[in-house]
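The file run.txt contains compact mmCIF, C-alpha atoms:
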```txt
# COMPACT_ATOMS: atom_id res chain seq x y z
CA MET L 1 0.00 0.00 0.00
CA THR L 2 1.29 3.46 -0.88
CA SER L 3 1.21 6.36 1.52
CA PRO L 4 -1.20 9.26 0.95
CA THR L 5 0.16 12.01 -1.29
CA THR L 6 -2.23 14.90 -0.64
CA SER L 7 -3.99 16.28 2.40
CA LEU L 8 -7.27 14.97 1.02
CA ASP L 9 -5.78 11.50 0.55
CA MET L 10 -4.47 11.62 4.11
CA ALA L 11 -7.82 12.78 5.45
CA PHE L 12 -9.68 9.96 3.73
CA ALA L 13 -7.11 7.45 5.00
CA LEU L 14 -7.80 8.76 8.50
CA LEU L 15 -11.55 8.46 7.93
CA ARG L 16 -11.11 4.83 6.91
CA GLU L 17 -9.32 4.28 10.23
CA GLY L 18 -12.25 5.84 12.10
CA ARG L 19 -10.32 9.01 12.95
CA ALA L 20 -12.80 11.65 11.79
CA VAL L 21 -11.52 14.40 14.10
CA ASP L 22 -7.97 13.95 12.83
CA ALA L 23 -9.20 13.94 9.23
CA GLN L 24 -11.05 17.19 9.80
CA GLU L 25 -7.98 18.76 11.42
CA VAL L 26 -5.83 17.84 8.41
CA MET L 27 -8.25 19.56 6.06
CA VAL L 28 -8.76 22.64 8.25
CA CYS L 29 -4.98 23.09 8.26
CA GLU L 30 -4.96 22.68 4.48
CA VAL L 31 -7.65 25.35 4.06
CA LYS L 32 -5.67 27.75 6.28
CA MET L 33 -2.46 27.07 4.36
CA VAL L 34 -4.14 27.61 1.00
CA GLU L 35 -5.80 30.79 2.27
CA ALA L 36 -2.43 32.16 3.43
CA ARG L 37 -0.82 31.31 0.10
CA HIS L 38 -3.57 32.25 -2.36
CA GLY L 39 -6.07 34.33 -0.41
CA GLN L 40 -9.63 33.75 0.60
CA ASN L 41 -12.06 33.41 -2.29
CA SER L 42 -9.34 32.31 -4.72
CA PRO L 43 -10.04 29.22 -6.87
CA GLU L 44 -7.50 27.29 -4.80
CA TRP L 45 -9.26 28.28 -1.58
CA ALA L 46 -12.64 27.26 -3.03
CA SER L 47 -11.19 23.88 -3.99
CA ALA L 48 -9.79 23.38 -0.48
CA GLN L 49 -13.20 24.30 0.98
CA CYS L 50 -14.82 21.67 -1.24
CA ASP L 51 -12.27 19.09 -0.11
CA LEU L 52 -13.02 19.92 3.53
CA GLY L 53 -16.71 19.62 2.69
CA HIS L 54 -16.15 16.13 1.24
CA VAL L 55 -14.39 15.01 4.42
CA LEU L 56 -17.13 16.46 6.60
CA LEU L 57 -19.84 14.90 4.43
CA ASN L 58 -18.19 11.49 4.65
CA SER L 59 -17.94 11.78 8.44
CA GLY L 60 -21.66 12.54 8.76
CA GLN L 61 -21.35 16.27 9.42
CA LEU L 62 -23.85 17.34 6.80
CA ARG L 63 -24.57 20.86 8.05
CA GLU L 64 -20.86 21.70 8.32
CA ALA L 65 -20.19 20.22 4.88
CA ALA L 66 -22.94 22.38 3.38
CA GLU L 67 -21.33 25.48 4.90
CA CYS L 68 -18.02 24.60 3.23
CA TYR L 69 -19.72 24.14 -0.12
CA ARG L 70 -21.54 27.46 0.29
CA ALA L 71 -18.29 29.22 1.13
CA ALA L 72 -16.63 27.71 -1.93
CA CYS L 73 -19.45 28.94 -4.17
CA SER L 74 -19.51 32.47 -2.78
```
Rewrite the structure from the file as structure tokens, please.
Amino acid sequence: MTSPTTSLDMAFALLREGRAVDAQEVMVCEVKMVEARHGQNSPEWASAQCDLGHVLLNSGQLREAAECYRAACS
């Protein structure tokens, strides 16, 4: 098995291990890093928001996932 190569890959690997909080933390850090590098509301930031939304959706946090998707679309 190969090791995860992106933050999203790592987050989903953590989800598969039942570590939803750790997966969310990985993606929140990624969003913050992308925001610092590219700015809020950049395409890169929107993509990172969507990735965080996917992790939240897959961990059963539907309301929080929807907020990420809304932020990405704004």
Could you please determine the separation between atom CA of L:Glu35 and atom CA of L:Leu8 in Å, to one decimal place?
->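 Computing it gives 15.9 Å between the two atoms.
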Using atom CA of L:His38 and atom CA of L:Arg19 as the two end points, give the distance in Å to one decimal.
-> 28.6 Å
Which residues come within 9 Å of stretch 11-16 of chain L, counting all atoms listed in the file, excluding same-chain residues fewer than 5 positions away, as a VMD selection string?
-> chain L and resid 4 6 21 to 27 55 58 to 59
In Å, with one decimal, what is the gap from atom CA of L:Ser74 to atom CA of L:Gly60?
->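 Straight-line distance from atom CA of L:Ser74 to atom CA of L:Gly60 works out to 23.1 Å.
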Which is closer to L:Ser42 than all the others in L:Thr5, L:Cys73, L:Val28, L:Met10, using only C-alpha atoms?
-> L:Cys73
Counting only C-alpha atoms, the residue of L:Ser7, L:Ala20, L:Arg63, L:Ala72 that sits nearest L:Ser47 = L:Ala72
Looking at L:Asp9, L:Ala71, L:Glu64, L:Gly53, which one is nearest to L:Gln40, with distances taken over all atoms listed in the file?
->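 Looking at the shortest contact to L:Gln40, the residue is L:Ala71.
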Surrounding residues of L:Glu44 excluding itself and chain neighbours under 3 positions, 12 Å, all atoms listed in the file, as a list in words =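 Selected residues are Glu30, Val31, Lys32, Met33, Val34, Glu35, Ala36, Arg37, His38, Gly39, Gln40, Asn41, Ser47, Ala48, Gln49, Cys50, Asp51 and Ala72 of chain L.
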